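Participant: Before we start, here is the structure in question, set down as structure tokens.
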Amino acid sequence: MNPALHERRPPCPEPRARGCVPPRTRAGPAALVLALAVAGVLAPGVTPAAAPARAEVQSRPQAPPASEISPAEQAAFEAVLEGKLIRAREVAEGVLRSQPESFVAHFVLGYVQDVAEGNFPLAVYQERQALRLFEAKYGPTPQPDQPWRWHARILRTLASAYGDLEKPEAQLETMARYNDLYRPRMIAERAWPLMKLKRYDEARRAANEGLAEGSVDQTQIAYNALCAIEFEAGRDGESYRACDKAVTFARSRGEQPEAVDLTNFAEAARSVFKLDQSERLLLEAARAPADGYANPYMELGALYTREGRFSEALDALRKVPAYRMQRPAFAREADRSESRRVLAAFYLAVGRSEPALELTDKAMLAPDRRGHNSRDPAQDEALVAVLDRRAHRMEAERVLTDAAARPWYRRVAAWFEASWLRIEGWASGRRAARLLDDPERLVGIFRIGTAKGAVMPPWLVGDLVEIIGPGVVQAAVERAAATDTRPGARALYQAFEAEAALARGEYAEASRLATAALGGLASGEVLLTTRTEAVRAEAARRSGADASALVGLYGAPLQRDPGVFRRLDWAVPVRLSVGAGGLSTDVADALARSPSFDAGRAGLPLTVTPAGAGVRACLLGAGRAVIGCVSEAPEADEAPDEFVARLVADFERQVFAPRIDLSQADIGSLDGNPRPGRDPLKGLLDAPPAP
């Protein structure tokens, strides 16, 4: 999931502008200049603090006096106002070649680096140069008869760039300088950097002062900030109400709520386990114009994966890159690593470890900047490490599984390859453990849906039992549960405790906790539910339950989400029944060697019988219901060992393929009769989403 709320960030260097290109229009240059004039960009509603009026939007555009800037400088600035940022950069660079002391040119270059290039360090450098040059000429407190509007613009843009660079102290200092000199003050804008510094009481005061100011802009910024402040402060109910107010305020004005407010509200809804409402809000956000850092399709992909709705998750994730390109230029690269994490988690959920590994490698090398959202960066890094560990372990199992039907020397080579993959996975696990070596961060990560819960999918949290140990997990879960009063939270904690009890060898307790959790988990928590069912089944197997009990306990998760056993590194107990003749014995031997199965006297029936010139292999559940079944014959000139390898691979794909109601997927001529699919994602994943 994605517990991080996003900041409203008007991408313009002017106090009352909502965006250099209004997000709901695609106007031509003339209409754009007119819109910006009305918004107060060409002649913003800013006055020196000593002026009698706090804010008066001019009735008509009024550029700075011609004597103060050159025609080339004016051309660079006008290119910014027209949204022609490449042109603005080129003109500004030309100005600096002939006027190296031009504060206007540095201002324009800083703005372009911040908004168009996303190069925040260079943006700060350029804006600081602009400020230094302006104040060298006019002083730090320009007089009313001097071009003070440039000073105001530089301070506002510098404050924004400091925020993007994750420098909240410098951002607050710059805002304070602006507020000392100009009106209207930046009031609610102060709330976000105060929140980033964890000064929550001051942040609330700033947001409430913005609400008291009464303007539309201040109200919108204040509600956005309060939504995030309460989320970060652990007041989930207050955060939900503030996010609701942000959306309701827009609706009360007859406006479509902006995507950033809708996605924030969706996140707050997930924090109180209102998954259906979260989905509705995200779908509405996807229909709204892209206006900032939010990407509703990414969040929908994570939500659908959590709910086991894999084809819908894939459809949403395929739309992430196109939506990203609709966002303002400064926001396009802000969450690329996060989108890789969400996509990697999806691939792990559907059993595709190879593409997951490629994505986690990239995400570990290039983390996102977090100045625009409310999350602890160490949480992101810990999750990437957990995902990378799981991807390596699943890939190791895939290598061994593929080699199970091969000659002995191929199996030996596969063992060495798998061992190296596990070593690399162990290293990622140690990295995750180091990042979680903070009591508050560790306890918080179990509070699913909250700011402290990071972006950890609830179905992956159990991996921490192996990474940091069951005793540490148990203590952390107890601390997290002690202060969590959210309805529905208790079942999640019981699921985590069940896995810790299983690792400690307390099988009866693990079974009790898993059963209790299954009685309280929401219907949308499909992947966590199947993981908890698998924990209960494994507890029964390790405690020596009889065959009939195991068939029922393992059959349920295998019918719903069979990939859970591969995500857990657990073999499914089977009772092999082999028919005489043909290649049946060779197939049975290969299946017995597979790490996917544990052949013994107790387990699910796995029958391998001759079928004409070929072999039929079937895994059966309770009442001999078919979980997976293949029947194949050798092709012409196909060697016996190649046939056995092919049949075993096809059988394992059938057994462990994601179970998808075909009504979720648009994959061609269906008969209109919804039924569980056998790897229907195979065709859908032929063209995977771009990372």
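Ordered as shown in the structure tokens, chains take letters A, B, and onward, while each chain numbers its residues from 1 and ligands are numbered from 1 in the order shown.
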Pick out each residue of range 584-638 of chain A that DSSP on the backbone tags as alpha helix (DSSP H); I need them as an NGL selection string.
Facilitator: :A and (584-593)
Participant: Name all residues at most 10 Å from Ser419 in chain A (count only C-alpha atoms; drop same-chain ones fewer than 3 positions away) and give them as a PyMOL selection string.
Facilitator: chain A and resi 393+396-397+400+413-416+422-425
Participant: Identify which of the residues A:Ala649, A:Leu464, A:Ile154, A:Ala345 lies closest to Val399 in chain A, counting only C-alpha atoms when measuring atom-to-atom distances.
Facilitator: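 The shortest atom-to-atom distance to Val399 in chain A comes from A:Ala649.
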Participant: Identify which of the residues A:Val124, A:Ala116, A:Ile187, A:Ala622 lies closest to Ser160 in chain A, counting only C-alpha atoms when measuring atom-to-atom distances.
Facilitator: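 Of the candidates, the smallest distance to Ser160 in chain A is held by A:Val124.
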Participant: From the options A:Thr530, A:Thr585, A:Thr609, A:Ser215, which residue's atoms come nearest to Phe565 in chain A, counting only C-alpha atoms?
Facilitator: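 Smallest separation from Phe565 in chain A among the options: A:Thr530.
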Participant: At a cut-off of 12 Å, using only C-alpha atoms, what residues contact Tyr178 in chain A? Leave out same-chain residues fewer than 2 positions from it and give the result as a PyMOL selection string.
Facilitator: chain A and resi 15+46-49+140-142+148-159+171-176+180-187+189-190
Participant: Quick check, in Å to one decimal: how far apart do CA of Ser353 in chain A and CA of Glu395 in chain A lie?
Facilitator: 5.3 Å
Participant: Using only C-alpha atoms, which residues sit within 7 Å of range 566-577 of chain A once same-chain residues fewer than 2 positions away are excluded, as a PyMOL selection string?
Facilitator: chain A and resi 394+563-564+579+595-608
Participant: Would you mind exporting the chosen residues as a PDB file, in the first residue's frame, restricted to N, CA, C and O atoms?
Facilitator:
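The result, stored in out-v7.pdb:
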```
ATOM      1  N   MET A 394      12.298 -16.422  -3.795  1.00  0.00           N
ATOM      2  CA  MET A 394      11.382 -17.030  -4.758  1.00  0.00           C
ATOM      3  C   MET A 394      12.113 -17.422  -6.036  1.00  0.00           C
ATOM      4  O   MET A 394      11.811 -18.460  -6.642  1.00  0.00           O
ATOM      5  N   GLY A 563      -0.202 -19.325  -4.791  1.00  0.00           N
ATOM      6  CA  GLY A 563       1.141 -18.760  -4.766  1.00  0.00           C
ATOM      7  C   GLY A 563       1.632 -18.432  -3.378  1.00  0.00           C
ATOM      8  O   GLY A 563       2.829 -18.183  -3.188  1.00  0.00           O
ATOM      9  N   VAL A 564       0.747 -18.438  -2.393  1.00  0.00           N
ATOM     10  CA  VAL A 564       1.157 -18.102  -1.028  1.00  0.00           C
ATOM     11  C   VAL A 564       2.232 -19.052  -0.525  1.00  0.00           C
ATOM     12  O   VAL A 564       3.128 -18.650   0.225  1.00  0.00           O
ATOM     13  N   GLY A 579       0.736 -44.629 -10.875  1.00  0.00           N
ATOM     14  CA  GLY A 579       0.280 -45.745 -11.693  1.00  0.00           C
ATOM     15  C   GLY A 579       1.434 -46.399 -12.419  1.00  0.00           C
ATOM     16  O   GLY A 579       2.445 -45.761 -12.736  1.00  0.00           O
ATOM     17  N   PRO A 595      11.047 -28.699  -4.829  1.00  0.00           N
ATOM     18  CA  PRO A 595      10.872 -28.019  -3.534  1.00  0.00           C
ATOM     19  C   PRO A 595       9.436 -27.566  -3.293  1.00  0.00           C
ATOM     20  O   PRO A 595       9.113 -27.138  -2.182  1.00  0.00           O
ATOM     21  N   SER A 596       8.582 -27.659  -4.295  1.00  0.00           N
ATOM     22  CA  SER A 596       7.187 -27.237  -4.119  1.00  0.00           C
ATOM     23  C   SER A 596       6.367 -28.236  -3.326  1.00  0.00           C
ATOM     24  O   SER A 596       5.317 -27.880  -2.785  1.00  0.00           O
ATOM     25  N   PHE A 597       6.836 -29.501  -3.261  1.00  0.00           N
ATOM     26  CA  PHE A 597       6.047 -30.554  -2.629  1.00  0.00           C
ATOM     27  C   PHE A 597       6.887 -31.311  -1.601  1.00  0.00           C
ATOM     28  O   PHE A 597       8.107 -31.439  -1.739  1.00  0.00           O
ATOM     29  N   ASP A 598       6.200 -31.801  -0.586  1.00  0.00           N
ATOM     30  CA  ASP A 598       6.812 -32.635   0.447  1.00  0.00           C
ATOM     31  C   ASP A 598       6.052 -33.961   0.445  1.00  0.00           C
ATOM     32  O   ASP A 598       4.945 -34.059   0.991  1.00  0.00           O
ATOM     33  N   ALA A 599       6.624 -34.952  -0.242  1.00  0.00           N
ATOM     34  CA  ALA A 599       5.942 -36.242  -0.395  1.00  0.00           C
ATOM     35  C   ALA A 599       6.107 -37.079   0.867  1.00  0.00           C
ATOM     36  O   ALA A 599       7.220 -37.264   1.368  1.00  0.00           O
ATOM     37  N   GLY A 600       4.988 -37.571   1.390  1.00  0.00           N
ATOM     38  CA  GLY A 600       4.997 -38.395   2.592  1.00  0.00           C
ATOM     39  C   GLY A 600       3.709 -39.174   2.709  1.00  0.00           C
ATOM     40  O   GLY A 600       2.950 -39.325   1.748  1.00  0.00           O
ATOM     41  N   ARG A 601       3.422 -39.623   3.943  1.00  0.00           N
ATOM     42  CA  ARG A 601       2.216 -40.423   4.145  1.00  0.00           C
ATOM     43  C   ARG A 601       0.980 -39.570   4.356  1.00  0.00           C
ATOM     44  O   ARG A 601      -0.142 -40.058   4.201  1.00  0.00           O
ATOM     45  N   ALA A 602       1.176 -38.320   4.750  1.00  0.00           N
ATOM     46  CA  ALA A 602       0.026 -37.450   5.012  1.00  0.00           C
ATOM     47  C   ALA A 602       0.110 -36.222   4.118  1.00  0.00           C
ATOM     48  O   ALA A 602       1.166 -35.591   4.003  1.00  0.00           O
ATOM     49  N   GLY A 603      -0.987 -35.906   3.486  1.00  0.00           N
ATOM     50  CA  GLY A 603      -1.011 -34.736   2.624  1.00  0.00           C
ATOM     51  C   GLY A 603      -2.099 -34.837   1.584  1.00  0.00           C
ATOM     52  O   GLY A 603      -2.949 -35.744   1.619  1.00  0.00           O
ATOM     53  N   LEU A 604      -2.092 -33.921   0.647  1.00  0.00           N
ATOM     54  CA  LEU A 604      -3.096 -33.922  -0.406  1.00  0.00           C
ATOM     55  C   LEU A 604      -2.778 -35.010  -1.430  1.00  0.00           C
ATOM     56  O   LEU A 604      -1.597 -35.239  -1.743  1.00  0.00           O
ATOM     57  N   PRO A 605      -3.789 -35.660  -1.952  1.00  0.00           N
ATOM     58  CA  PRO A 605      -3.527 -36.695  -2.955  1.00  0.00           C
ATOM     59  C   PRO A 605      -2.907 -36.090  -4.217  1.00  0.00           C
ATOM     60  O   PRO A 605      -3.427 -35.126  -4.779  1.00  0.00           O
ATOM     61  N   LEU A 606      -1.781 -36.664  -4.648  1.00  0.00           N
ATOM     62  CA  LEU A 606      -1.142 -36.273  -5.905  1.00  0.00           C
ATOM     63  C   LEU A 606      -1.016 -37.551  -6.728  1.00  0.00           C
ATOM     64  O   LEU A 606      -0.218 -38.437  -6.415  1.00  0.00           O
ATOM     65  N   THR A 607      -1.817 -37.671  -7.739  1.00  0.00           N
ATOM     66  CA  THR A 607      -1.857 -38.890  -8.548  1.00  0.00           C
ATOM     67  C   THR A 607      -1.104 -38.685  -9.850  1.00  0.00           C
ATOM     68  O   THR A 607      -1.237 -37.660 -10.512  1.00  0.00           O
ATOM     69  N   VAL A 608      -0.304 -39.672 -10.195  1.00  0.00           N
ATOM     70  CA  VAL A 608       0.445 -39.665 -11.461  1.00  0.00           C
ATOM     71  C   VAL A 608       0.157 -40.996 -12.149  1.00  0.00           C
ATOM     72  O   VAL A 608       0.568 -42.058 -11.658  1.00  0.00           O
TER      73      VAL A 608
END
```
Participant: Provide the CA of Ala556 in chain A to CA of Arg504 in chain A distance in Å, to one decimal place.
Facilitator: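 Computed distance, CA of Ala556 in chain A to CA of Arg504 in chain A, equals 24.3 Å.
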Participant: Near Ala385 in chain A, counting only C-alpha atoms, which residues have an atom at most 12 Å away, once you skip same-chain residues fewer than 5 positions from it, shown as a CSV table (one decimal) with all heavy atoms, in the first residue's frame?
Facilitator:
```csv
chain,number,residue,atom,x,y,z
A,341,ARG,N,8.3,-0.5,-6.7
A,341,ARG,CA,8.0,-1.3,-5.5
A,341,ARG,C,6.6,-1.9,-5.6
A,341,ARG,O,6.4,-3.1,-5.4
A,341,ARG,CB,8.1,-0.5,-4.2
A,341,ARG,CG,9.5,-0.1,-3.8
A,341,ARG,CD,9.5,0.3,-2.4
A,341,ARG,NE,8.5,1.3,-2.0
A,341,ARG,CZ,8.7,2.6,-2.2
A,341,ARG,NH1,9.8,3.0,-2.7
A,341,ARG,NH2,7.7,3.4,-1.9
A,344,ALA,N,6.7,-4.6,-8.3
A,344,ALA,CA,7.5,-5.7,-7.8
A,344,ALA,C,6.6,-6.6,-6.9
A,344,ALA,O,6.6,-7.8,-6.9
A,344,ALA,CB,8.8,-5.3,-7.1
A,345,ALA,N,5.9,-5.9,-6.0
A,345,ALA,CA,5.0,-6.6,-5.1
A,345,ALA,C,3.9,-7.4,-5.8
A,345,ALA,O,3.6,-8.5,-5.5
A,345,ALA,CB,4.3,-5.6,-4.1
A,357,LEU,N,12.7,-9.2,-9.3
A,357,LEU,CA,14.1,-8.9,-9.0
A,357,LEU,C,14.7,-7.7,-9.7
A,357,LEU,O,15.4,-6.9,-9.2
A,357,LEU,CB,14.9,-10.2,-9.3
A,357,LEU,CG,15.3,-11.1,-8.1
A,357,LEU,CD1,16.1,-12.2,-8.6
A,357,LEU,CD2,16.0,-10.3,-7.0
A,359,LEU,N,13.1,-5.2,-10.8
A,359,LEU,CA,12.5,-3.9,-10.2
A,359,LEU,C,13.1,-3.6,-8.9
A,359,LEU,O,13.3,-2.4,-8.6
A,359,LEU,CB,11.0,-4.1,-10.2
A,359,LEU,CG,10.3,-4.1,-11.5
A,359,LEU,CD1,8.9,-4.7,-11.4
A,359,LEU,CD2,10.2,-2.7,-12.1
A,360,THR,N,13.2,-4.6,-8.0
A,360,THR,CA,13.8,-4.3,-6.7
A,360,THR,C,15.2,-3.8,-6.8
A,360,THR,O,15.7,-3.0,-6.0
A,360,THR,CB,13.7,-5.5,-5.7
A,360,THR,OG1,14.3,-6.6,-6.3
A,360,THR,CG2,12.2,-5.8,-5.4
A,361,ASP,N,16.0,-4.4,-7.7
A,361,ASP,CA,17.4,-3.9,-7.9
A,361,ASP,C,17.4,-2.4,-8.2
A,361,ASP,O,18.2,-1.6,-7.7
A,361,ASP,CB,18.0,-4.7,-9.1
A,361,ASP,CG,18.5,-6.1,-8.6
A,361,ASP,OD1,18.5,-6.3,-7.4
A,361,ASP,OD2,18.8,-6.9,-9.5
A,362,LYS,N,16.5,-2.0,-9.2
A,362,LYS,CA,16.5,-0.6,-9.6
A,362,LYS,C,16.0,0.3,-8.4
A,362,LYS,O,16.5,1.4,-8.2
A,362,LYS,CB,15.5,-0.4,-10.8
A,362,LYS,CG,16.1,-1.0,-12.0
A,362,LYS,CD,15.0,-0.9,-13.2
A,362,LYS,CE,15.5,-1.5,-14.4
A,362,LYS,NZ,14.5,-1.5,-15.5
A,363,ALA,N,15.0,-0.2,-7.7
A,363,ALA,CA,14.4,0.6,-6.6
A,363,ALA,C,15.5,0.8,-5.4
A,363,ALA,O,15.5,1.9,-4.8
A,363,ALA,CB,13.2,-0.1,-6.0
A,364,MET,N,16.3,-0.2,-5.2
A,364,MET,CA,17.3,-0.1,-4.2
A,364,MET,C,18.4,0.9,-4.6
A,364,MET,O,19.0,1.6,-3.7
A,364,MET,CB,17.9,-1.4,-3.8
A,364,MET,CG,17.0,-2.4,-3.2
A,364,MET,SD,17.7,-4.0,-2.7
A,364,MET,CE,18.7,-3.5,-1.3
A,365,LEU,N,18.7,1.0,-5.9
A,365,LEU,CA,19.7,1.9,-6.3
A,365,LEU,C,19.3,3.4,-6.4
A,365,LEU,O,20.1,4.3,-6.3
A,365,LEU,CB,20.2,1.4,-7.7
A,365,LEU,CG,21.0,0.1,-7.7
A,365,LEU,CD1,21.3,-0.3,-9.1
A,365,LEU,CD2,22.3,0.3,-6.9
A,367,PRO,N,16.3,5.5,-4.8
A,367,PRO,CA,15.2,5.8,-3.9
A,367,PRO,C,14.6,7.2,-4.3
A,367,PRO,O,15.3,8.0,-4.9
A,367,PRO,CB,15.7,5.9,-2.5
A,367,PRO,CG,17.2,6.2,-2.7
A,367,PRO,CD,17.6,5.5,-4.0
A,378,ALA,N,13.3,6.0,5.5
A,378,ALA,CA,13.8,4.8,5.9
A,378,ALA,C,12.8,3.6,5.8
A,378,ALA,O,13.1,2.5,5.6
A,378,ALA,CB,14.3,4.8,7.4
A,379,GLN,N,11.5,4.0,5.9
A,379,GLN,CA,10.4,3.0,5.7
A,379,GLN,C,10.5,2.5,4.3
A,379,GLN,O,10.4,1.2,4.1
A,379,GLN,CB,9.1,3.6,6.0
A,379,GLN,CG,8.9,4.1,7.5
A,379,GLN,CD,7.6,4.9,7.6
A,379,GLN,OE1,7.1,5.5,6.6
A,379,GLN,NE2,7.0,4.9,8.8
A,380,ASP,N,10.6,3.4,3.4
A,380,ASP,CA,10.7,3.0,2.0
A,380,ASP,C,11.8,2.0,1.7
A,380,ASP,O,11.7,1.0,1.1
A,380,ASP,CB,10.8,4.2,1.1
A,380,ASP,CG,9.6,5.1,1.1
A,380,ASP,OD1,8.8,5.0,2.0
A,380,ASP,OD2,9.5,6.0,0.2
A,390,ARG,N,12.6,-11.3,-0.6
A,390,ARG,CA,11.6,-12.3,-1.0
A,390,ARG,C,11.8,-12.6,-2.4
A,390,ARG,O,11.6,-13.8,-2.8
A,390,ARG,CB,10.2,-11.7,-0.7
A,390,ARG,CG,9.0,-12.6,-1.1
A,390,ARG,CD,9.2,-14.1,-0.6
A,390,ARG,NE,9.3,-14.2,0.8
A,390,ARG,CZ,9.8,-15.2,1.5
A,390,ARG,NH1,10.2,-16.3,0.8
A,390,ARG,NH2,9.9,-15.2,2.8
A,391,ALA,N,12.1,-11.7,-3.3
A,391,ALA,CA,12.3,-11.9,-4.7
A,391,ALA,C,13.4,-12.9,-4.9
A,391,ALA,O,13.4,-13.8,-5.8
A,391,ALA,CB,12.5,-10.6,-5.5
A,392,HIS,N,14.5,-12.7,-4.2
A,392,HIS,CA,15.7,-13.6,-4.3
A,392,HIS,C,15.3,-15.0,-3.9
A,392,HIS,O,15.7,-16.0,-4.5
A,392,HIS,CB,16.8,-13.1,-3.5
A,392,HIS,CG,17.7,-12.1,-4.2
A,392,HIS,ND1,17.5,-10.7,-4.1
A,392,HIS,CD2,18.7,-12.2,-5.1
A,392,HIS,CE1,18.4,-10.0,-4.8
A,392,HIS,NE2,19.1,-10.9,-5.4
A,424,GLU,N,22.3,-13.6,-1.4
A,424,GLU,CA,21.9,-12.2,-1.8
A,424,GLU,C,20.6,-11.8,-1.1
A,424,GLU,O,20.5,-10.7,-0.6
A,424,GLU,CB,21.8,-12.1,-3.3
A,424,GLU,CG,23.1,-12.2,-4.0
A,424,GLU,CD,22.9,-12.0,-5.5
A,424,GLU,OE1,22.0,-12.6,-6.1
A,424,GLU,OE2,23.7,-11.3,-6.1
A,425,GLY,N,19.7,-12.7,-1.0
A,425,GLY,CA,18.5,-12.4,-0.2
A,425,GLY,C,18.7,-12.2,1.2
A,425,GLY,O,18.1,-11.3,1.9
A,426,TRP,N,19.6,-13.0,1.8
A,426,TRP,CA,20.0,-12.8,3.2
A,426,TRP,C,20.6,-11.4,3.4
A,426,TRP,O,20.3,-10.8,4.4
A,426,TRP,CB,21.0,-13.9,3.6
A,426,TRP,CG,21.6,-13.7,5.0
A,426,TRP,CD1,21.1,-14.1,6.2
A,426,TRP,CD2,22.8,-13.0,5.3
A,426,TRP,NE1,21.9,-13.8,7.2
A,426,TRP,CE2,22.9,-13.1,6.7
A,426,TRP,CE3,23.8,-12.4,4.6
A,426,TRP,CZ2,24.0,-12.5,7.4
A,426,TRP,CZ3,24.8,-11.8,5.2
A,426,TRP,CH2,25.0,-11.9,6.6
A,427,ALA,N,21.4,-11.0,2.5
A,427,ALA,CA,22.0,-9.6,2.6
A,427,ALA,C,20.9,-8.6,2.6
A,427,ALA,O,21.0,-7.6,3.4
A,427,ALA,CB,23.0,-9.4,1.5
A,428,SER,N,19.9,-8.7,1.8
A,428,SER,CA,18.8,-7.7,1.8
A,428,SER,C,18.1,-7.8,3.1
A,428,SER,O,17.6,-6.8,3.6
A,428,SER,CB,17.9,-8.0,0.6
A,428,SER,OG,18.6,-7.8,-0.7
A,429,GLY,N,17.9,-9.0,3.6
A,429,GLY,CA,17.2,-9.1,4.9
A,429,GLY,C,18.0,-8.4,6.0
A,429,GLY,O,17.4,-7.8,6.9
A,430,ARG,N,19.3,-8.5,6.0
A,430,ARG,CA,20.1,-7.8,7.0
A,430,ARG,C,20.0,-6.3,6.8
A,430,ARG,O,20.0,-5.6,7.8
A,430,ARG,CB,21.6,-8.2,6.9
A,430,ARG,CG,21.8,-9.7,7.2
A,430,ARG,CD,21.1,-10.2,8.4
A,430,ARG,NE,21.4,-9.4,9.6
A,430,ARG,CZ,20.6,-9.2,10.6
A,430,ARG,NH1,19.4,-9.9,10.7
A,430,ARG,NH2,21.0,-8.5,11.7
A,431,ARG,N,19.9,-5.9,5.6
A,431,ARG,CA,19.7,-4.4,5.4
A,431,ARG,C,18.4,-4.0,5.9
A,431,ARG,O,18.3,-2.9,6.6
A,431,ARG,CB,19.8,-4.1,3.9
A,431,ARG,CG,19.5,-2.7,3.5
A,431,ARG,CD,19.6,-2.4,2.0
A,431,ARG,NE,19.2,-1.1,1.6
A,431,ARG,CZ,19.8,0.0,1.8
A,431,ARG,NH1,21.0,-0.1,2.3
A,431,ARG,NH2,19.4,1.2,1.4
A,432,ALA,N,17.3,-4.8,5.7
A,432,ALA,CA,16.0,-4.4,6.3
A,432,ALA,C,16.1,-4.4,7.8
A,432,ALA,O,15.5,-3.5,8.5
A,432,ALA,CB,15.0,-5.4,5.8
A,433,ALA,N,16.8,-5.4,8.4
A,433,ALA,CA,16.9,-5.4,9.9
A,433,ALA,C,17.6,-4.2,10.4
A,433,ALA,O,17.2,-3.6,11.4
A,433,ALA,CB,17.6,-6.7,10.3
A,434,ARG,N,18.7,-3.7,9.7
A,434,ARG,CA,19.4,-2.5,10.2
A,434,ARG,C,18.5,-1.3,10.1
A,434,ARG,O,18.5,-0.4,11.0
A,434,ARG,CB,20.6,-2.3,9.3
A,434,ARG,CG,21.8,-3.3,9.6
A,434,ARG,CD,23.1,-2.8,9.0
A,434,ARG,NE,23.0,-2.7,7.5
A,434,ARG,CZ,23.2,-3.7,6.7
A,434,ARG,NH1,23.5,-4.9,7.2
A,434,ARG,NH2,23.1,-3.5,5.4
A,435,LEU,N,17.7,-1.2,9.0
A,435,LEU,CA,16.8,0.0,8.8
A,435,LEU,C,15.7,0.0,9.9
A,435,LEU,O,15.2,1.0,10.2
A,435,LEU,CB,16.2,0.0,7.4
A,435,LEU,CG,17.2,0.3,6.3
A,435,LEU,CD1,16.7,-0.1,5.0
A,435,LEU,CD2,17.5,1.8,6.3
A,436,LEU,N,15.4,-1.2,10.4
A,436,LEU,CA,14.3,-1.3,11.4
A,436,LEU,C,14.8,-1.3,12.8
A,436,LEU,O,14.1,-1.6,13.7
A,436,LEU,CB,13.4,-2.6,11.1
A,436,LEU,CG,12.6,-2.5,9.8
A,436,LEU,CD1,12.0,-3.9,9.6
A,436,LEU,CD2,11.6,-1.4,9.8
A,456,MET,N,4.2,-1.0,3.7
A,456,MET,CA,4.3,-2.4,3.8
A,456,MET,C,3.0,-3.1,3.5
A,456,MET,O,2.0,-2.9,4.2
A,456,MET,CB,4.8,-2.8,5.2
A,456,MET,CG,5.0,-4.3,5.4
A,456,MET,SD,6.5,-5.0,4.5
A,456,MET,CE,7.8,-4.3,5.5
A,460,LEU,N,2.8,-9.1,3.4
A,460,LEU,CA,4.2,-9.3,3.4
A,460,LEU,C,4.8,-9.1,4.8
A,460,LEU,O,6.0,-9.5,5.0
A,460,LEU,CB,4.9,-8.3,2.4
A,460,LEU,CG,6.3,-8.6,2.0
A,460,LEU,CD1,6.5,-9.9,1.2
A,460,LEU,CD2,6.8,-7.5,1.1
A,463,ASP,N,7.0,-11.7,6.7
A,463,ASP,CA,8.4,-12.0,6.4
A,463,ASP,C,9.4,-11.5,7.5
A,463,ASP,O,10.5,-12.0,7.6
A,463,ASP,CB,8.8,-11.3,5.1
A,463,ASP,CG,8.3,-12.2,3.9
A,463,ASP,OD1,7.3,-12.9,4.0
A,463,ASP,OD2,9.0,-12.1,2.8
A,464,LEU,N,8.9,-10.5,8.2
A,464,LEU,CA,9.8,-9.9,9.3
A,464,LEU,C,10.1,-11.0,10.4
A,464,LEU,O,11.1,-10.8,11.1
A,464,LEU,CB,9.1,-8.7,9.9
A,464,LEU,CG,9.0,-7.5,9.0
A,464,LEU,CD1,8.2,-6.4,9.7
A,464,LEU,CD2,10.3,-7.0,8.5
A,467,ILE,N,13.2,-12.3,9.3
A,467,ILE,CA,14.3,-11.3,9.2
A,467,ILE,C,14.8,-10.9,10.6
A,467,ILE,O,16.0,-10.8,10.8
A,467,ILE,CB,13.8,-10.1,8.4
A,467,ILE,CG1,13.5,-10.5,6.9
A,467,ILE,CG2,14.7,-9.0,8.5
A,467,ILE,CD1,12.8,-9.5,6.1
```
Participant: Please compute the CA of Leu165 in chain A-CA of Leu194 in chain A distance, one decimal, in Å.
Facilitator: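 Computing it gives 14.9 Å between the two atoms.
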Participant: Just asking: which residues within range 511-657 of chain A are strand (DSSP E or B) according to DSSP, as JSON, numbers by chain?
Facilitator: {"A": [572, 573, 574, 575, 576, 577, 578, 597, 598, 599, 604, 605, 606, 607, 608, 609, 610, 611, 614, 615, 616, 617, 618, 619, 620, 626, 627, 628, 629, 630, 631, 632]}
Participant: Could you give me, as a list of chain:residue names, the residues within 6 Å of range 283-290 of chain A, counting only C-alpha atoms and dropping anything in the same chain fewer than 2 positions from it?
Facilitator: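 Counting only the stated atoms, we get A:Ala259, A:Leu262, A:Arg280, A:Leu281, A:Pro296, A:Gln326, A:Arg327.
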Participant: Which is closest to Phe346 in chain A among A:Arg616, A:Val272, A:Pro658, A:Ser252, if we use only C-alpha atoms?
Facilitator: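 Smallest distance to Phe346 in chain A is found for A:Pro658.
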